[in-house]
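Participant: Data file start28.cif (mmCIF, C-alpha atoms) is appended below.
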```cif
data_coords
#
loop_
_atom_site.group_PDB
_atom_site.id
_atom_site.type_symbol
_atom_site.label_atom_id
_atom_site.label_comp_id
_atom_site.auth_asym_id
_atom_site.auth_seq_id
_atom_site.Cartn_x
_atom_site.Cartn_y
_atom_site.Cartn_z
ATOM 1 C CA MET E 1 -13.015 20.502 11.348
ATOM 2 C CA ASP E 2 -10.095 18.545 12.783
ATOM 3 C CA MET E 3 -7.551 16.865 10.566
ATOM 4 C CA LYS E 4 -9.101 13.424 10.780
ATOM 5 C CA GLU E 5 -12.474 14.758 9.608
ATOM 6 C CA GLU E 6 -10.747 16.648 6.842
ATOM 7 C CA ILE E 7 -8.940 13.514 5.611
ATOM 8 C CA GLN E 8 -12.145 11.472 5.757
ATOM 9 C CA LYS E 9 -13.932 14.204 3.776
ATOM 10 C CA THR E 10 -11.207 14.202 1.119
ATOM 11 C CA ILE E 11 -11.464 10.413 0.806
ATOM 12 C CA ASP E 12 -15.280 10.457 0.670
ATOM 13 C CA GLU E 13 -15.707 13.362 -1.715
ATOM 14 C CA ASN E 14 -13.153 12.440 -4.355
ATOM 15 C CA MET E 15 -13.446 9.467 -6.646
ATOM 16 C CA VAL E 16 -9.723 8.726 -6.526
ATOM 17 C CA VAL E 17 -7.307 10.017 -3.896
ATOM 18 C CA LEU E 18 -3.626 9.217 -3.582
ATOM 19 C CA TYR E 19 -1.835 9.988 -0.328
ATOM 20 C CA MET E 20 1.809 10.124 -1.285
ATOM 21 C CA LYS E 21 5.249 11.532 -0.552
ATOM 22 C CA GLY E 22 5.650 14.516 -2.831
ATOM 23 C CA THR E 23 3.185 15.439 -5.560
ATOM 24 C CA LYS E 24 2.148 13.693 -8.739
ATOM 25 C CA GLU E 25 4.301 16.208 -10.598
ATOM 26 C CA MET E 26 7.254 15.594 -8.285
ATOM 27 C CA PRO E 27 7.103 12.350 -6.286
ATOM 28 C CA MET E 28 9.671 12.173 -3.479
ATOM 29 C CA CYS E 29 9.772 8.410 -3.004
ATOM 30 C CA GLY E 30 10.101 5.479 -5.389
ATOM 31 C CA PHE E 31 6.925 3.796 -4.167
ATOM 32 C CA SER E 32 4.848 6.961 -4.537
ATOM 33 C CA ASN E 33 6.422 7.503 -7.944
ATOM 34 C CA ALA E 34 5.459 4.007 -9.089
ATOM 35 C CA VAL E 35 1.803 4.578 -8.197
ATOM 36 C CA THR E 36 1.672 7.981 -9.929
ATOM 37 C CA GLN E 37 3.182 6.380 -13.040
ATOM 38 C CA VAL E 38 0.396 3.792 -13.036
ATOM 39 C CA MET E 39 -2.322 6.362 -12.347
ATOM 40 C CA ASN E 40 -1.013 8.768 -14.976
ATOM 41 C CA GLY E 41 -1.540 6.012 -17.521
ATOM 42 C CA TYR E 42 -5.298 6.120 -16.908
ATOM 43 C CA SER E 43 -7.353 9.010 -18.215
ATOM 44 C CA ILE E 44 -9.054 9.418 -14.865
ATOM 45 C CA PRO E 45 -8.383 12.470 -12.719
ATOM 46 C CA TYR E 46 -7.173 11.913 -9.177
ATOM 47 C CA VAL E 47 -6.429 14.060 -6.167
ATOM 48 C CA ASP E 48 -2.933 13.834 -4.710
ATOM 49 C CA VAL E 49 -2.160 14.747 -1.112
ATOM 50 C CA ASN E 50 1.452 15.255 -0.082
ATOM 51 C CA VAL E 51 1.961 13.740 3.382
ATOM 52 C CA LEU E 52 5.387 15.364 3.659
ATOM 53 C CA GLU E 53 3.688 18.755 3.987
ATOM 54 C CA ASP E 54 2.558 18.016 7.525
ATOM 55 C CA PRO E 55 3.628 14.988 9.605
ATOM 56 C CA ASP E 56 0.153 14.939 11.227
ATOM 57 C CA ILE E 57 -1.473 13.983 7.914
ATOM 58 C CA ARG E 58 0.362 10.689 7.898
ATOM 59 C CA VAL E 59 -0.406 9.874 11.545
ATOM 60 C CA ASN E 60 -4.114 10.654 11.185
ATOM 61 C CA LEU E 61 -4.403 8.917 7.822
ATOM 62 C CA SER E 62 -2.882 5.696 9.162
ATOM 63 C CA GLU E 63 -5.330 5.742 12.080
ATOM 64 C CA ILE E 64 -8.267 6.101 9.677
ATOM 65 C CA SER E 65 -7.082 3.513 7.162
ATOM 66 C CA ASN E 66 -5.340 1.155 9.597
ATOM 67 C CA TRP E 67 -2.513 0.979 7.056
ATOM 68 C CA PRO E 68 1.058 1.707 8.140
ATOM 69 C CA THR E 69 2.804 2.886 4.969
ATOM 70 C CA ILE E 70 2.648 5.535 2.242
ATOM 71 C CA PRO E 71 1.488 5.668 -0.559
ATOM 72 C CA GLN E 72 -2.181 4.832 0.010
ATOM 73 C CA LEU E 73 -4.611 4.776 -2.889
ATOM 74 C CA PHE E 74 -8.343 5.247 -2.303
ATOM 75 C CA ILE E 75 -11.003 4.606 -4.945
ATOM 76 C CA ASP E 76 -14.640 5.431 -4.282
ATOM 77 C CA GLY E 77 -13.927 5.991 -0.582
ATOM 78 C CA GLU E 78 -12.220 2.636 -0.037
ATOM 79 C CA LEU E 79 -8.554 1.889 0.562
ATOM 80 C CA VAL E 80 -7.197 -0.088 -2.381
ATOM 81 C CA GLY E 81 -3.734 -0.516 -0.897
ATOM 82 C CA GLY E 82 -0.162 0.650 -1.212
ATOM 83 C CA CYS E 83 2.362 0.412 -4.013
ATOM 84 C CA ASP E 84 2.586 -3.402 -4.284
ATOM 85 C CA ILE E 85 -1.175 -3.894 -4.413
ATOM 86 C CA THR E 86 -1.728 -1.047 -6.883
ATOM 87 C CA LEU E 87 0.898 -2.482 -9.217
ATOM 88 C CA GLU E 88 -0.484 -6.009 -8.964
ATOM 89 C CA LEU E 89 -4.045 -4.827 -9.604
ATOM 90 C CA HIS E 90 -2.800 -2.735 -12.531
ATOM 91 C CA GLN E 91 -1.041 -5.725 -14.064
ATOM 92 C CA SER E 92 -4.038 -8.024 -13.601
ATOM 93 C CA GLY E 93 -6.448 -5.501 -15.153
ATOM 94 C CA GLU E 94 -8.424 -5.290 -11.913
ATOM 95 C CA LEU E 95 -7.464 -1.657 -11.276
ATOM 96 C CA LYS E 96 -8.893 -0.596 -14.632
ATOM 97 C CA LYS E 97 -12.188 -2.284 -13.741
ATOM 98 C CA MET E 98 -12.263 -0.604 -10.328
ATOM 99 C CA LEU E 99 -11.606 2.822 -11.844
ATOM 100 C CA GLU E 100 -14.244 2.329 -14.533
ATOM 101 C CA ALA E 101 -16.799 1.205 -11.966
ATOM 102 C CA ALA E 102 -16.042 4.235 -9.785
ATOM 103 C CA GLU E 103 -16.301 6.567 -12.760
ATOM 104 C CA LYS E 104 -19.638 5.073 -13.782
ATOM 105 C CA LYS E 105 -20.938 5.487 -10.249
ATOM 106 C CA ALA E 106 -19.722 9.111 -10.075
ATOM 107 C CA LEU E 107 -21.321 9.944 -13.421
ATOM 108 C CA SER E 108 -24.681 8.466 -12.451
ATOM 109 C CA LYS E 109 -24.549 10.466 -9.201
ATOM 110 C CA ASP E 110 -23.873 13.715 -11.083
ATOM 111 C CA GLY E 111 -26.469 13.004 -13.743
ATOM 112 C CA MET R 1 16.669 -7.859 11.606
ATOM 113 C CA LEU R 2 15.823 -10.296 8.793
ATOM 114 C CA ASP R 3 15.574 -13.107 11.357
ATOM 115 C CA GLN R 4 13.284 -11.034 13.555
ATOM 116 C CA ILE R 5 10.970 -10.277 10.628
ATOM 117 C CA GLU R 6 10.814 -13.933 9.589
ATOM 118 C CA LYS R 7 10.231 -15.045 13.176
ATOM 119 C CA GLN R 8 7.290 -12.674 13.665
ATOM 120 C CA ILE R 9 5.682 -13.598 10.373
ATOM 121 C CA ARG R 10 6.060 -17.323 11.025
ATOM 122 C CA ALA R 11 4.643 -16.870 14.535
ATOM 123 C CA ASN R 12 1.475 -15.311 13.094
ATOM 124 C CA LEU R 13 1.009 -17.095 9.789
ATOM 125 C CA ASP R 14 1.219 -20.653 8.540
ATOM 126 C CA VAL R 15 4.127 -19.994 6.179
ATOM 127 C CA SER R 16 5.128 -22.626 3.630
ATOM 128 C CA HIS R 17 7.736 -20.516 1.842
ATOM 129 C CA PHE R 18 9.556 -17.341 2.855
ATOM 130 C CA GLU R 19 12.136 -15.190 1.110
ATOM 131 C CA ILE R 20 13.367 -11.782 2.136
ATOM 132 C CA ARG R 21 15.839 -9.262 0.800
ATOM 133 C CA ASP R 22 17.240 -6.177 2.490
ATOM 134 C CA ASP R 23 17.042 -3.248 0.050
ATOM 135 C CA SER R 24 17.964 -0.604 2.606
ATOM 136 C CA GLU R 25 21.149 0.525 0.909
ATOM 137 C CA MET R 26 19.270 1.354 -2.292
ATOM 138 C CA HIS R 27 17.141 3.843 -0.387
ATOM 139 C CA ALA R 28 19.581 5.229 2.170
ATOM 140 C CA GLY R 29 18.978 8.885 2.878
ATOM 141 C CA HIS R 30 16.403 9.590 0.173
ATOM 142 C CA SER R 31 14.270 12.586 1.009
ATOM 143 C CA GLY R 32 11.149 10.663 1.921
ATOM 144 C CA ASN R 33 13.067 8.379 4.247
ATOM 145 C CA SER R 34 13.709 10.443 7.330
ATOM 146 C CA SER R 35 12.975 7.711 9.877
ATOM 147 C CA GLY R 36 16.076 5.734 8.956
ATOM 148 C CA GLY R 37 14.196 2.423 8.995
ATOM 149 C CA GLY R 38 15.036 -0.370 6.583
ATOM 150 C CA HIS R 39 13.534 -1.263 3.221
ATOM 151 C CA PHE R 40 12.712 -4.929 2.695
ATOM 152 C CA THR R 41 11.202 -7.034 -0.062
ATOM 153 C CA ALA R 42 9.583 -10.343 0.840
ATOM 154 C CA LEU R 43 7.872 -13.286 -0.796
ATOM 155 C CA ILE R 44 5.460 -14.978 1.577
ATOM 156 C CA VAL R 45 3.554 -18.132 0.704
ATOM 157 C CA SER R 46 0.872 -19.087 3.193
ATOM 158 C CA ALA R 47 -2.353 -21.072 3.158
ATOM 159 C CA ASP R 48 -3.742 -18.395 5.484
ATOM 160 C CA PHE R 49 -4.045 -16.080 2.459
ATOM 161 C CA HIS R 50 -6.550 -18.410 0.825
ATOM 162 C CA GLY R 51 -9.674 -16.590 -0.327
ATOM 163 C CA LEU R 52 -8.431 -13.189 0.815
ATOM 164 C CA PRO R 53 -7.984 -10.107 -1.403
ATOM 165 C CA LEU R 54 -4.529 -8.519 -1.488
ATOM 166 C CA LEU R 55 -5.525 -5.789 0.950
ATOM 167 C CA LYS R 56 -6.397 -8.345 3.639
ATOM 168 C CA ARG R 57 -3.285 -10.426 2.943
ATOM 169 C CA HIS R 58 -1.080 -7.394 3.407
ATOM 170 C CA ARG R 59 -2.993 -6.443 6.548
ATOM 171 C CA LEU R 60 -2.217 -9.889 8.019
ATOM 172 C CA VAL R 61 1.493 -9.378 7.346
ATOM 173 C CA TYR R 62 1.507 -5.841 8.734
ATOM 174 C CA HIS R 63 -0.279 -7.140 11.819
ATOM 175 C CA ALA R 64 2.408 -9.806 12.241
ATOM 176 C CA LEU R 65 5.140 -7.191 11.905
ATOM 177 C CA GLY R 66 3.445 -5.062 14.565
ATOM 178 C CA GLU R 67 5.578 -2.281 15.916
ATOM 179 C CA LEU R 68 8.438 -3.036 13.542
ATOM 180 C CA MET R 69 6.397 -1.126 10.937
ATOM 181 C CA GLY R 70 7.281 2.539 11.214
ATOM 182 C CA GLY R 71 10.084 1.597 13.596
ATOM 183 C CA SER R 72 12.881 -0.612 12.292
ATOM 184 C CA ILE R 73 10.987 -1.067 9.039
ATOM 185 C CA HIS R 74 10.399 1.960 6.835
ATOM 186 C CA ALA R 75 9.076 0.082 3.823
ATOM 187 C CA PHE R 76 7.998 -3.518 3.406
ATOM 188 C CA SER R 77 7.343 -4.549 -0.172
ATOM 189 C CA MET R 78 5.677 -7.922 -0.446
ATOM 190 C CA LYS R 79 4.299 -10.580 -2.713
ATOM 191 C CA THR R 80 1.681 -12.664 -0.918
ATOM 192 C CA LEU R 81 0.648 -15.986 -2.422
ATOM 193 C CA THR R 82 -1.215 -19.107 -1.381
ATOM 194 C CA PRO R 83 0.532 -22.441 -2.085
ATOM 195 C CA ASP R 84 -1.939 -22.931 -4.996
ATOM 196 C CA GLU R 85 -0.877 -19.674 -6.634
ATOM 197 C CA VAL R 86 2.828 -20.428 -6.696
ATOM 198 C CA ASP R 87 4.108 -20.779 -10.223
ATOM 199 C CA PHE R 88 6.829 -23.422 -10.161
ATOM 200 C CA ASP R 89 8.079 -22.753 -13.693
#
```
Output the file's structure in the form of structure tokens.

Facilitator:
Amino acid sequence: MDMKEEIQKTIDENMVVLYMKGTKEMPMCGFSNAVTQVMNGYSIPYVDVNVLEDPDIRVNLSEISNWPTIPQLFIDGELVGGCDITLELHQSGELKKMLEAAEKKALSKDG
Amino acid sequence: MLDQIEKQIRANLDVSHFEIRDDSEMHAGHSGNSSGGGHFTALIVSADFHGLPLLKRHRLVYHALGELMGGSIHAFSMKTLTPDEVDFD
């Protein structure tokens, strides 16, 4: 499996994925940190992928998502956006709704 | 640089209000910033954003910025509003 397929698989198979600089335990950029702070406030597990581990992750990810910057948050296989959008959707309550909808969908799939 | 950014955004979008700030010094040399590009924060008001979700609004701006993204620009933080959404308080 090449890297692009691997990234697509990660996005498709996990309810919430955050591509970031650093890890959720140790973010290495203020924008990535801001998104982890928001996500850590929700009781929903998410997968973090550190793009600093391999420069190719970032290049391939941006080609898949057509989005130039990091972080990138995916919910239910769809790009939500970067730091600004995540924060705005968090403040408006929209992010909570999106996460709850994704969780409901995942549960019904498992059940 | 700020002029170039504004010029490209105005060339691609019908902009009714534009503000930009250069935050580069705040981020100079942090570990995630190896490219050396600048950090900017912008407020863009455009009727072109009407009816579009945030993701599509940001995509329009990134498209306008073109190759500046990942080149001269490392991070571009933005608030994208339609004229109707502007709070004049």

Participant: Using only C-alpha atoms, what does the table of chain R residues within 10 Å of chain E look like, with each row giving the shortest atom pair and its distance in Å to one decimal, sorted by chain and ascending number, as JSON lines?

Facilitator:
```
{"residue": "R:His27", "atom": "CA", "partner": "E:Gly30", "partner_atom": "CA", "distance": 8.8}
{"residue": "R:His30", "atom": "CA", "partner": "E:Cys29", "partner_atom": "CA", "distance": 7.4}
{"residue": "R:Ser31", "atom": "CA", "partner": "E:Met28", "partner_atom": "CA", "distance": 6.4}
{"residue": "R:Gly32", "atom": "CA", "partner": "E:Cys29", "partner_atom": "CA", "distance": 5.6}
{"residue": "R:Asn33", "atom": "CA", "partner": "E:Cys29", "partner_atom": "CA", "distance": 8.0}
{"residue": "R:Pro53", "atom": "CA", "partner": "E:Ile85", "partner_atom": "CA", "distance": 9.7}
{"residue": "R:Leu54", "atom": "CA", "partner": "E:Ile85", "partner_atom": "CA", "distance": 6.4}
{"residue": "R:Leu55", "atom": "CA", "partner": "E:Gly81", "partner_atom": "CA", "distance": 5.9}
{"residue": "R:Lys56", "atom": "CA", "partner": "E:Gly81", "partner_atom": "CA", "distance": 9.4}
{"residue": "R:His58", "atom": "CA", "partner": "E:Gly81", "partner_atom": "CA", "distance": 8.5}
{"residue": "R:Arg59", "atom": "CA", "partner": "E:Trp67", "partner_atom": "CA", "distance": 7.5}
{"residue": "R:Tyr62", "atom": "CA", "partner": "E:Pro68", "partner_atom": "CA", "distance": 7.6}
{"residue": "R:His63", "atom": "CA", "partner": "E:Pro68", "partner_atom": "CA", "distance": 9.7}
{"residue": "R:Gly66", "atom": "CA", "partner": "E:Pro68", "partner_atom": "CA", "distance": 9.6}
{"residue": "R:Glu67", "atom": "CA", "partner": "E:Pro68", "partner_atom": "CA", "distance": 9.8}
{"residue": "R:Met69", "atom": "CA", "partner": "E:Pro68", "partner_atom": "CA", "distance": 6.7}
{"residue": "R:Gly70", "atom": "CA", "partner": "E:Pro68", "partner_atom": "CA", "distance": 7.0}
{"residue": "R:Ile73", "atom": "CA", "partner": "E:Thr69", "partner_atom": "CA", "distance": 10.0}
{"residue": "R:His74", "atom": "CA", "partner": "E:Thr69", "partner_atom": "CA", "distance": 7.9}
{"residue": "R:Ala75", "atom": "CA", "partner": "E:Thr69", "partner_atom": "CA", "distance": 7.0}
{"residue": "R:Phe76", "atom": "CA", "partner": "E:Thr69", "partner_atom": "CA", "distance": 8.4}
{"residue": "R:Ser77", "atom": "CA", "partner": "E:Asp84", "partner_atom": "CA", "distance": 6.4}
{"residue": "R:Met78", "atom": "CA", "partner": "E:Asp84", "partner_atom": "CA", "distance": 6.7}
{"residue": "R:Lys79", "atom": "CA", "partner": "E:Asp84", "partner_atom": "CA", "distance": 7.5}
{"residue": "R:Thr80", "atom": "CA", "partner": "E:Ile85", "partner_atom": "CA", "distance": 9.9}
```

Participant: Write the residues of the selection above to a file with C-alpha atoms, as a PDB file, in the coordinates of the input.

Facilitator:
```pdb
ATOM      1  CA  HIS R  27      17.141   3.843  -0.387  1.00  0.00           C
ATOM      2  CA  HIS R  30      16.403   9.590   0.173  1.00  0.00           C
ATOM      3  CA  SER R  31      14.270  12.586   1.009  1.00  0.00           C
ATOM      4  CA  GLY R  32      11.149  10.663   1.921  1.00  0.00           C
ATOM      5  CA  ASN R  33      13.067   8.379   4.247  1.00  0.00           C
ATOM      6  CA  PRO R  53      -7.984 -10.107  -1.403  1.00  0.00           C
ATOM      7  CA  LEU R  54      -4.529  -8.519  -1.488  1.00  0.00           C
ATOM      8  CA  LEU R  55      -5.525  -5.789   0.950  1.00  0.00           C
ATOM      9  CA  LYS R  56      -6.397  -8.345   3.639  1.00  0.00           C
ATOM     10  CA  HIS R  58      -1.080  -7.394   3.407  1.00  0.00           C
ATOM     11  CA  ARG R  59      -2.993  -6.443   6.548  1.00  0.00           C
ATOM     12  CA  TYR R  62       1.507  -5.841   8.734  1.00  0.00           C
ATOM     13  CA  HIS R  63      -0.279  -7.140  11.819  1.00  0.00           C
ATOM     14  CA  GLY R  66       3.445  -5.062  14.565  1.00  0.00           C
ATOM     15  CA  GLU R  67       5.578  -2.281  15.916  1.00  0.00           C
ATOM     16  CA  MET R  69       6.397  -1.126  10.937  1.00  0.00           C
ATOM     17  CA  GLY R  70       7.281   2.539  11.214  1.00  0.00           C
ATOM     18  CA  ILE R  73      10.987  -1.067   9.039  1.00  0.00           C
ATOM     19  CA  HIS R  74      10.399   1.960   6.835  1.00  0.00           C
ATOM     20  CA  ALA R  75       9.076   0.082   3.823  1.00  0.00           C
ATOM     21  CA  PHE R  76       7.998  -3.518   3.406  1.00  0.00           C
ATOM     22  CA  SER R  77       7.343  -4.549  -0.172  1.00  0.00           C
ATOM     23  CA  MET R  78       5.677  -7.922  -0.446  1.00  0.00           C
ATOM     24  CA  LYS R  79       4.299 -10.580  -2.713  1.00  0.00           C
ATOM     25  CA  THR R  80       1.681 -12.664  -0.918  1.00  0.00           C
TER      26      THR R  80
END
```

Participant: Determine, counting only C-alpha atoms, which protein, DNA and RNA residues have an atom within 8 Å of an atom of Asp48 in chain R; residues of the same chain fewer than 4 positions away are not included. Present the result as an NGL selection string.

Facilitator: :R and (13-14 or 82)

Participant: Which value, in Å to one decimal, gives the distance between CA of Lys9 in chain E and CA of Glu63 in chain E?

Facilitator: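 Distance reported for this atom pair: 14.6 Å.
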
Participant: Work out how far CA of Ser72 in chain R is from CA of Pro55 in chain E, in Å to one decimal.

Facilitator: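 So the answer is 18.3 Å.
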
Participant: Evaluate the PyMOL selection byres ((chain E and resi 14) around 9) and record the selected residues as a PyMOL selection string, following the chain and residue labels used in the document.

Facilitator: chain E and resi 9-13+15-17+46-47+74-77

Participant: For the selection you just gave me, I'd like the residues written to a file as a PDB file, in the coordinates of the input, keeping C-alpha atoms.

Facilitator:
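Generated file (result.pdb):
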```pdb
ATOM      1  CA  LYS E   9     -13.932  14.204   3.776  1.00  0.00           C
ATOM      2  CA  THR E  10     -11.207  14.202   1.119  1.00  0.00           C
ATOM      3  CA  ILE E  11     -11.464  10.413   0.806  1.00  0.00           C
ATOM      4  CA  ASP E  12     -15.280  10.457   0.670  1.00  0.00           C
ATOM      5  CA  GLU E  13     -15.707  13.362  -1.715  1.00  0.00           C
ATOM      6  CA  MET E  15     -13.446   9.467  -6.646  1.00  0.00           C
ATOM      7  CA  VAL E  16      -9.723   8.726  -6.526  1.00  0.00           C
ATOM      8  CA  VAL E  17      -7.307  10.017  -3.896  1.00  0.00           C
ATOM      9  CA  TYR E  46      -7.173  11.913  -9.177  1.00  0.00           C
ATOM     10  CA  VAL E  47      -6.429  14.060  -6.167  1.00  0.00           C
ATOM     11  CA  PHE E  74      -8.343   5.247  -2.303  1.00  0.00           C
ATOM     12  CA  ILE E  75     -11.003   4.606  -4.945  1.00  0.00           C
ATOM     13  CA  ASP E  76     -14.640   5.431  -4.282  1.00  0.00           C
ATOM     14  CA  GLY E  77     -13.927   5.991  -0.582  1.00  0.00           C
TER      15      GLY E  77
END
```

Participant: Report the residues retrieved by the PyMOL selection byres ((chain R and resi 4) around 12) from the displayed file, expressed as an mmCIF file with C-alpha atoms, in the coordinates of the input.

Facilitator:
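What ended up in expr29.cif:
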```
data_model
loop_
_atom_site.group_PDB
_atom_site.id
_atom_site.type_symbol
_atom_site.label_atom_id
_atom_site.label_comp_id
_atom_site.auth_asym_id
_atom_site.auth_seq_id
_atom_site.Cartn_x
_atom_site.Cartn_y
_atom_site.Cartn_z
ATOM 1 C CA MET R 1 16.669 -7.859 11.606
ATOM 2 C CA LEU R 2 15.823 -10.296 8.793
ATOM 3 C CA ASP R 3 15.574 -13.107 11.357
ATOM 4 C CA ILE R 5 10.970 -10.277 10.628
ATOM 5 C CA GLU R 6 10.814 -13.933 9.589
ATOM 6 C CA LYS R 7 10.231 -15.045 13.176
ATOM 7 C CA GLN R 8 7.290 -12.674 13.665
ATOM 8 C CA ILE R 9 5.682 -13.598 10.373
ATOM 9 C CA ARG R 10 6.060 -17.323 11.025
ATOM 10 C CA ALA R 11 4.643 -16.870 14.535
ATOM 11 C CA ILE R 20 13.367 -11.782 2.136
ATOM 12 C CA ALA R 64 2.408 -9.806 12.241
ATOM 13 C CA LEU R 65 5.140 -7.191 11.905
ATOM 14 C CA GLY R 66 3.445 -5.062 14.565
ATOM 15 C CA GLU R 67 5.578 -2.281 15.916
ATOM 16 C CA LEU R 68 8.438 -3.036 13.542
ATOM 17 C CA SER R 72 12.881 -0.612 12.292
ATOM 18 C CA ILE R 73 10.987 -1.067 9.039
#
```

Participant: Quick one: distance from CA of His17 in chain R to CA of Gln91 in chain E in Å, one decimal?

Facilitator: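 Computed distance, CA of His17 in chain R to CA of Gln91 in chain E, equals 23.4 Å.
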
Participant: Can you report as AutoDock Vina command-line options the centre and edge lengths in Å, to one decimal, of an axis-aligned box around the listed atoms of range 8-15 of chain R padded with 8 Å on each side?

Facilitator:
```
--center_x 4.1 --center_y -16.7 --center_z 10.4 --size_x 22.3 --size_y 24.0 --size_z 24.4
```

Participant: Kindly indicate which residue among E:Ser43, E:Gln8, E:Ser108, E:Ser65 lies nearest to Lys96 in chain E, using all atoms listed in the file for the distances.

Facilitator: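 Smallest separation from Lys96 in chain E among the options: E:Ser43.
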
Participant: For Phe18 in chain R, please output as a list in words all residues within 8 Å (counting all atoms listed in the file; exclusion window: fewer than 5 positions along the same chain).

Facilitator: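 Once the adjacent positions are removed, what remains is Glu6, Ala42, Leu43, Ile44 and Val45 of chain R.
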
Participant: Could you write range 62-76 of chain E as an mmCIF file, keeping the file's coordinate frame, with N, CA and C atoms rebuilt where they are missing?

Facilitator:
```cif
data_model
loop_
_atom_site.group_PDB
_atom_site.id
_atom_site.type_symbol
_atom_site.label_atom_id
_atom_site.label_comp_id
_atom_site.auth_asym_id
_atom_site.auth_seq_id
_atom_site.Cartn_x
_atom_site.Cartn_y
_atom_site.Cartn_z
ATOM 1 N N SER E 62 -3.120 7.100 8.802
ATOM 2 C CA SER E 62 -2.882 5.696 9.162
ATOM 3 C C SER E 62 -3.865 5.212 10.220
ATOM 4 N N GLU E 63 -4.322 6.129 11.080
ATOM 5 C CA GLU E 63 -5.330 5.742 12.080
ATOM 6 C C GLU E 63 -6.675 5.480 11.404
ATOM 7 N N ILE E 64 -7.000 6.285 10.400
ATOM 8 C CA ILE E 64 -8.267 6.101 9.677
ATOM 9 C C ILE E 64 -8.239 4.809 8.851
ATOM 10 N N SER E 65 -7.141 4.615 8.125
ATOM 11 C CA SER E 65 -7.082 3.513 7.162
ATOM 12 C C SER E 65 -6.579 2.215 7.784
ATOM 13 N N ASN E 66 -5.971 2.312 8.973
ATOM 14 C CA ASN E 66 -5.340 1.155 9.597
ATOM 15 C C ASN E 66 -4.304 0.536 8.648
ATOM 16 N N TRP E 67 -3.527 1.403 8.024
ATOM 17 C CA TRP E 67 -2.513 0.979 7.056
ATOM 18 C C TRP E 67 -1.234 1.746 7.384
ATOM 19 N N PRO E 68 -0.107 1.033 7.550
ATOM 20 C CA PRO E 68 1.058 1.707 8.140
ATOM 21 C C PRO E 68 1.941 2.508 7.185
ATOM 22 N N THR E 69 1.809 2.288 5.875
ATOM 23 C CA THR E 69 2.804 2.886 4.969
ATOM 24 C C THR E 69 2.169 3.853 3.968
ATOM 25 N N ILE E 70 3.019 4.605 3.303
ATOM 26 C CA ILE E 70 2.648 5.535 2.242
ATOM 27 C C ILE E 70 3.358 5.054 0.982
ATOM 28 N N PRO E 71 2.778 5.068 -0.187
ATOM 29 C CA PRO E 71 1.488 5.668 -0.559
ATOM 30 C C PRO E 71 0.270 4.838 -0.154
ATOM 31 N N GLN E 72 -0.897 5.501 -0.179
ATOM 32 C CA GLN E 72 -2.181 4.832 0.010
ATOM 33 C C GLN E 72 -3.139 5.351 -1.057
ATOM 34 N N LEU E 73 -3.680 4.414 -1.821
ATOM 35 C CA LEU E 73 -4.611 4.776 -2.889
ATOM 36 C C LEU E 73 -6.039 4.444 -2.465
ATOM 37 N N PHE E 74 -6.922 5.441 -2.613
ATOM 38 C CA PHE E 74 -8.343 5.247 -2.303
ATOM 39 C C PHE E 74 -9.156 5.410 -3.579
ATOM 40 N N ILE E 75 -10.064 4.480 -3.831
ATOM 41 C CA ILE E 75 -11.003 4.606 -4.945
ATOM 42 C C ILE E 75 -12.405 4.477 -4.378
ATOM 43 N N ASP E 76 -13.248 5.444 -4.727
ATOM 44 C CA ASP E 76 -14.640 5.431 -4.282
ATOM 45 C C ASP E 76 -14.729 5.266 -2.756
#
```
